[in-house]
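Colleague: My structure is stored as start06.cif, with mmCIF, C-alpha atoms.
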data_run
loop_
_atom_site.label_atom_id
_atom_site.label_comp_id
_atom_site.auth_asym_id
_atom_site.auth_seq_id
_atom_site.Cartn_x
_atom_site.Cartn_y
_atom_site.Cartn_z
CA MET A 239 124.26 88.83 118.11
CA SER A 240 121.72 88.90 115.37
CA GLN A 241 122.25 86.73 112.34
CA SER A 242 120.46 86.81 109.01
CA TYR A 243 119.75 83.82 106.86
CA ASN A 244 119.22 83.73 103.13
CA ARG A 245 116.11 81.57 102.96
CA GLY A 246 116.09 81.74 99.17
CA LEU A 247 113.16 82.44 96.90
CA VAL A 248 109.81 81.66 98.56
CA GLU A 249 108.65 79.76 95.49
CA ASP A 250 111.78 77.72 94.90
CA PHE A 251 110.17 74.65 93.38
CA GLY A 252 113.32 72.62 94.11
CA ARG A 253 112.14 72.73 97.74
CA TRP A 254 108.75 71.18 97.00
CA LYS A 255 109.19 68.44 99.61
CA GLU A 256 109.24 71.16 102.30
CA PHE A 257 105.97 72.73 101.10
CA SER A 258 103.05 72.85 103.56
CA ALA A 259 99.35 72.60 102.63
CA GLY A 260 99.20 76.40 102.50
CA MET A 261 102.09 76.51 100.04
CA TRP A 262 100.42 73.91 97.81
CA ALA A 263 97.18 75.94 97.95
CA TRP A 264 99.20 79.00 96.88
CA ILE A 265 100.83 77.10 93.99
CA PHE A 266 97.55 75.51 92.81
CA HIS A 267 95.81 78.88 92.98
CA LYS A 268 98.55 80.43 90.89
CA PHE A 269 98.61 77.58 88.34
CA THR A 270 94.81 77.64 87.93
CA GLY A 271 94.99 81.43 87.62
CA TRP A 272 97.51 81.17 84.74
CA VAL A 273 95.24 78.65 82.98
CA LEU A 274 92.15 80.84 83.44
CA VAL A 275 93.79 84.03 82.18
CA GLY A 276 95.17 82.11 79.17
CA TYR A 277 91.70 80.75 78.49
CA LEU A 278 90.16 84.24 78.75
CA PHE A 279 92.26 85.46 75.80
CA THR A 280 91.42 82.29 73.79
CA HIS A 281 87.73 82.61 74.65
CA ILE A 282 87.50 86.19 73.35
CA ALA A 283 89.38 85.11 70.19
CA VAL A 284 86.82 82.34 69.52
CA LEU A 285 83.85 84.61 70.34
CA SER A 286 85.26 87.17 67.88
CA THR A 287 83.81 85.02 65.09
CA ALA A 288 80.52 86.76 66.05
CA ILE A 289 81.80 89.86 64.19
CA PRO A 290 81.99 88.31 60.67
CA ALA A 291 78.86 86.29 61.51
CA GLN A 292 76.92 89.50 62.25
CA GLN A 293 78.23 90.90 58.95
CA GLY A 294 76.62 87.96 57.17
CA GLU A 295 79.59 85.63 56.63
CA MET A 296 78.26 82.13 56.01
CA VAL A 297 80.09 78.81 55.69
CA THR A 298 79.06 75.33 54.64
CA ASN A 299 78.91 72.93 57.59
CA SER A 300 79.66 69.19 57.54
CA ALA A 301 76.00 68.47 56.64
CA GLY A 302 76.29 70.73 53.59
CA GLU A 303 74.10 73.47 55.11
CA GLN A 304 74.87 77.19 55.05
CA VAL A 305 75.40 78.45 58.61
CA ASP A 306 76.92 81.60 60.09
CA VAL A 307 80.62 81.36 60.95
CA TYR A 308 80.05 81.87 64.75
CA THR A 309 77.54 79.02 65.13
CA ASN A 310 79.65 76.79 62.90
CA THR A 311 82.86 77.46 64.89
CA LEU A 312 81.19 76.70 68.23
CA THR A 313 79.38 73.61 66.88
CA LEU A 314 82.60 72.29 65.36
CA LEU A 315 84.57 72.84 68.59
CA GLU A 316 81.83 71.27 70.72
CA SER A 317 81.69 68.20 68.47
CA THR A 318 85.37 67.47 69.20
CA PHE A 319 86.02 65.03 72.03
CA VAL A 320 89.34 66.65 73.02
CA VAL A 321 87.61 70.04 73.36
CA ARG A 322 85.00 68.48 75.69
CA LEU A 323 87.80 66.91 77.73
CA LEU A 324 89.56 70.28 77.93
CA GLU A 325 86.27 71.86 79.06
CA VAL A 326 86.08 69.41 81.95
CA GLY A 327 89.67 70.39 82.78
CA LEU A 328 88.68 74.05 82.59
CA LEU A 329 85.77 73.39 84.95
CA ALA A 330 88.13 71.69 87.43
CA VAL A 331 90.53 74.63 87.26
CA ALA A 332 87.72 77.21 87.60
CA VAL A 333 85.97 75.43 90.48
CA PHE A 334 89.21 75.05 92.45
CA HIS A 335 90.12 78.70 91.80
CA ILE A 336 86.64 79.82 92.97
CA LEU A 337 86.60 77.63 96.12
CA ASN A 338 90.18 78.40 97.09
CA GLY A 339 89.50 82.07 96.25
CA ILE A 340 86.60 82.10 98.73
CA ARG A 341 88.94 80.47 101.26
CA LEU A 342 91.54 83.19 100.64
CA LEU A 343 88.97 85.99 100.95
CA LEU A 344 87.81 84.54 104.29
CA VAL A 345 91.38 84.13 105.53
CA ASP A 346 92.08 87.77 104.53
CA LEU A 347 89.11 88.73 106.72
CA GLY A 348 90.58 86.67 109.57
CA ILE A 349 87.97 83.93 109.29
CA GLY A 350 89.18 80.33 109.44
CA LEU A 351 92.82 81.17 110.13
CA GLU A 352 93.14 78.15 112.42
CA SER A 353 91.74 75.70 109.88
CA GLN A 354 93.55 76.84 106.71
CA ASP A 355 94.85 73.33 105.99
CA LYS A 356 91.44 71.68 106.42
CA THR A 357 89.70 74.22 104.17
CA PHE A 358 92.34 73.65 101.46
CA TYR A 359 91.69 69.89 101.57
CA ALA A 360 87.95 70.58 101.56
CA SER A 361 88.40 72.77 98.43
CA LEU A 362 90.19 69.89 96.70
CA VAL A 363 87.56 67.31 97.65
CA LEU A 364 84.66 69.58 96.70
CA THR A 365 86.32 70.41 93.36
CA GLY A 366 86.71 66.71 92.63
CA ALA A 367 83.08 65.98 93.54
CA ILE A 368 81.67 68.87 91.45
CA VAL A 369 83.81 67.95 88.44
CA ILE A 370 82.89 64.25 88.54
CA ALA A 371 79.19 65.12 88.92
CA SER A 372 79.44 67.49 85.92
CA VAL A 373 81.11 65.05 83.49
CA PRO A 374 77.78 63.72 82.05
CA THR A 375 76.57 67.30 81.37
CA PHE A 376 79.86 68.28 79.76
CA MET A 377 79.92 65.19 77.56
CA ALA A 378 76.24 65.43 76.53
CA GLY A 379 75.54 65.39 72.81
CA ILE A 380 79.04 64.28 71.82
CA GLY A 381 79.07 62.06 68.75
CA GLY A 382 75.41 62.89 68.09
CA ALA A 383 74.32 61.17 71.33
CA MET B 262 95.60 97.20 93.77
CA TRP B 263 95.53 94.69 96.66
CA LEU B 264 91.97 95.71 97.56
CA LEU B 265 90.83 95.84 93.91
CA GLN B 266 92.17 92.29 93.37
CA ARG B 267 89.95 91.12 96.25
CA VAL B 268 86.88 93.17 95.25
CA THR B 269 87.05 91.77 91.69
CA ALA B 270 87.56 88.28 93.19
CA ALA B 271 84.32 88.55 95.18
CA PHE B 272 82.44 89.66 92.04
CA LEU B 273 84.04 86.99 89.83
CA VAL B 274 83.21 84.14 92.23
CA VAL B 275 79.53 84.84 91.62
CA VAL B 276 79.61 85.75 87.92
CA LEU B 277 81.99 82.94 86.84
CA ALA B 278 79.77 80.38 88.58
CA PHE B 279 76.67 81.96 86.91
CA HIS B 280 78.42 81.90 83.49
CA PHE B 281 79.26 78.19 83.84
CA PHE B 282 75.75 77.30 85.02
CA LEU B 283 73.99 79.26 82.31
CA LEU B 284 76.10 78.13 79.34
CA HIS B 285 76.83 74.54 80.34
CA PHE B 286 73.94 73.41 82.53
CA TYR B 287 70.92 75.59 81.61
CA HIS B 288 71.90 75.90 77.94
CA HIS B 289 74.32 73.29 76.64
CA ALA B 290 77.48 74.70 75.07
CA PHE B 291 76.98 72.53 71.96
CA GLU B 292 73.54 74.09 71.39
CA ILE B 293 74.80 77.70 71.35
CA THR B 294 73.92 79.63 68.19
CA LEU B 295 74.37 83.20 67.03
CA MET B 296 70.64 83.79 67.43
CA GLY B 297 70.66 82.60 71.07
CA THR B 298 73.71 84.74 71.86
CA GLN B 299 72.05 87.79 70.24
CA THR B 300 68.88 87.29 72.29
CA ARG B 301 70.84 87.07 75.56
CA MET B 302 73.08 90.04 74.73
CA GLN B 303 70.10 92.25 73.80
CA ASP B 304 69.01 92.08 77.45
CA VAL B 305 70.60 95.18 79.01
CA GLY B 306 71.15 93.53 82.41
CA TYR B 307 72.84 90.47 80.87
CA PHE B 308 74.95 92.65 78.56
CA ALA B 309 76.09 94.84 81.49
CA THR B 310 76.90 91.77 83.63
CA MET B 311 78.93 90.18 80.82
CA TRP B 312 80.79 93.41 80.08
CA LEU B 313 81.62 93.87 83.78
CA PHE B 314 82.66 90.20 83.81
CA LEU B 315 85.09 90.92 80.94
CA VAL B 316 86.58 94.00 82.63
CA THR B 317 86.92 92.49 86.12
CA ALA B 318 88.25 89.13 84.83
CA THR B 319 90.83 90.93 82.67
CA PHE B 320 91.97 93.12 85.55
CA HIS B 321 92.02 90.22 88.04
CA GLY B 322 93.86 87.92 85.60
CA VAL B 323 96.41 90.39 84.29
CA ASN B 324 97.12 91.81 87.76
CA GLY B 325 97.38 88.23 89.07
CA VAL B 326 99.99 87.35 86.44
CA TYR B 327 101.91 90.53 87.32
CA ASN B 328 101.82 89.66 91.05
CA ALA B 329 102.98 86.11 90.28
CA LEU B 330 105.96 87.42 88.30
CA VAL B 331 106.84 89.91 91.06
CA ASN B 332 106.74 87.00 93.55
CA GLN B 333 109.14 85.13 91.28
CA GLY B 334 111.58 87.99 91.84
CA ILE B 335 111.52 90.16 88.69
CA SER B 336 112.67 93.72 89.25
CA GLY B 337 114.01 96.78 87.45
CA THR B 338 113.61 96.97 83.64
CA PRO B 339 111.99 93.51 83.23
CA LYS B 340 109.40 94.48 85.86
CA THR B 341 108.62 97.75 84.05
CA ALA B 342 108.45 95.94 80.69
CA VAL B 343 106.12 93.25 82.08
CA LYS B 344 103.87 95.93 83.59
CA ALA B 345 103.65 97.75 80.23
CA ILE B 346 103.07 94.57 78.18
CA LEU B 347 100.43 93.18 80.54
CA GLY B 348 98.71 96.58 80.77
CA LEU B 349 98.57 96.84 76.97
CA ALA B 350 97.39 93.21 76.60
CA GLY B 351 94.62 93.86 79.13
CA LEU B 352 93.47 97.04 77.37
CA LEU B 353 93.45 95.28 73.98
CA LEU B 354 91.46 92.37 75.41
CA VAL B 355 88.84 94.69 76.91
CA ALA B 356 88.66 96.68 73.65
CA GLN B 357 88.20 93.53 71.52
CA GLY B 358 85.77 91.98 74.03
CA THR B 359 83.69 95.18 74.06
CA ARG B 360 83.69 95.25 70.24
CA VAL B 361 82.52 91.61 70.13
CA ALA B 362 79.80 92.30 72.73
CA LEU B 363 78.53 95.31 70.75
CA TYR B 364 78.35 93.20 67.58
CA MET B 365 76.56 90.44 69.50
CA ASN B 366 73.82 92.77 70.75
CA GLY B 367 73.43 94.37 67.32
CA PHE B 368 74.69 97.84 68.30
CA LEU B 369 77.48 97.44 65.72
CA ALA B 370 76.74 95.72 62.44
#
Would you encode the structure as structure tokens?
Modeller:
Amino acid sequence: MSQSYNRGLVEDFGRWKEFSAGMWAWIFHKFTGWVLVGYLFTHIAVLSTAIPAQQGEMVTNSAGEQVDVYTNTLTLLESTFVVRLLEVGLLAVAVFHILNGIRLLLVDLGIGLESQDKTFYASLVLTGAIVIASVPTFMAGIGGA
Amino acid sequence: MWLLQRVTAAFLVVVLAFHFFLLHFYHHAFEITLMGTQTRMQDVGYFATMWLFLVTATFHGVNGVYNALVNQGISGTPKTAVKAILGLAGLLLVAQGTRVALYMNGFLA
């Protein structure tokens, strides 16, 4: 006699101890996706300062010079340590999403089905290595250095 | 939608990596000025790539959020409402992003 089981919601986070590598990859991909789409809206909002800048809106910067509002906004943001730190975080999120995305595209094509776990761990390691190697570039020029 | 999510993914892998390299490694983000942005955006190929980047990233992101919420089990009216809100948010983002891009390349002033 057949019997059905209610296995509950696939993404029931209360069951995190039962999650396999594939499930963690799925969750990380989703989390990084949420961050990236949130950033996309913020990014366009910041870049929108190009509109008043093109219309000639000038502001006085910290050195007392007259600069356009777009350049001033970006310079001000980039001179903030927390923003630089968040950029490194954004890089980590983007790199993982790209690498795991490639992994997912390959799996969808039937490539690497047998080594899904290994490729997930490789994505994590490669993300870590790329992010650490990029820290000096992302922190360049902070504090007038 | 399933196929479009993957096609945009393949495009975004390349363009997102290019965007990061160009504006963090080739040019430093802290050195970006309106003049530099204008110069880049006046190149038709760069403008077209960035506009396609905006459209594909918006679709991929908004559709991804929708898929995530469907996986979480939303259905019925909430599902319809989420679809409408995300669709509208995506259209507004593309409209504003296009407007910004056209100001950046000097088409609008």
Colleague: Take the PyMOL selection byres ((chain B) within 10 of (chain A)), apply it to the structure above, and return the hits as a PyMOL selection string.
Modeller: chain B and resi 267-268+270-271+273-275+277-278+281+285-286+289-299+315+318-323+325-326+328-329+332-334+350-351+354-355+357-367+369-370
Colleague: If I take atom CA of Met311 of chain B and atom CA of Val369 of chain A, how far is one from the other in Å, to one decimal?
Modeller: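 Between atom CA of Met311 of chain B and atom CA of Val369 of chain A the gap is 24.0 Å.
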Colleague: What does the distance from atom CA of Val373 of chain A to atom CA of Leu323 of chain A come to in Å, to one decimal?
Modeller: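 If I compute the distance from atom CA of Val373 of chain A to atom CA of Leu323 of chain A, I get 9.0 Å.
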Colleague: Could you tell me how far atom CA of Gln354 of chain A lies from atom CA of Gly260 of chain A, in Å and to one decimal?
Modeller: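 Separation between atom CA of Gln354 of chain A and atom CA of Gly260 of chain A: 7.1 Å.
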Colleague: Please provide as a list in words all residues within 9 Å of Asp355 of chain A, with the sequence filter that same-chain residues fewer than 5 positions apart are discarded (counting all atoms listed in the file).
Modeller: Ser258, Ala259, Gly260, Ala263 and Ala360 of chain A
Colleague: Could those residues be written to a file, using C-alpha atoms, as an mmCIF file, keeping the file's coordinate frame?
Modeller:
data_model
loop_
_atom_site.group_PDB
_atom_site.id
_atom_site.type_symbol
_atom_site.label_atom_id
_atom_site.label_comp_id
_atom_site.auth_asym_id
_atom_site.auth_seq_id
_atom_site.Cartn_x
_atom_site.Cartn_y
_atom_site.Cartn_z
ATOM 1 C CA SER A 258 103.050 72.850 103.560
ATOM 2 C CA ALA A 259 99.350 72.600 102.630
ATOM 3 C CA GLY A 260 99.200 76.400 102.500
ATOM 4 C CA ALA A 263 97.180 75.940 97.950
ATOM 5 C CA ALA A 360 87.950 70.580 101.560
#
Colleague: Using only C-alpha atoms, can you tell me which of A:Leu324, A:Ile370, A:Met261, A:Ala330 comes closest to Phe358 of chain A?
Modeller: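 Once distances to Phe358 of chain A are computed over only C-alpha atoms, the minimum belongs to A:Met261.
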Colleague: Report the centre and edge lengths, in Å to one decimal, of an axis-aligned box enclosing every atom of segment 351-357 of chain B listed in the file, padded by 4 Å on each side, as JSON.
Modeller:
{"center_x": 91.4, "center_y": 94.7, "center_z": 75.3, "size_x": 14.4, "size_y": 12.7, "size_z": 15.6}
Colleague: Of the residues B:Leu347, B:Thr338, B:Asp304, B:Phe279, which is the one nearest to Asn324 of chain B, using only C-alpha atoms?
Modeller: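 Ranked by minimum distance to Asn324 of chain B, first place goes to B:Leu347.
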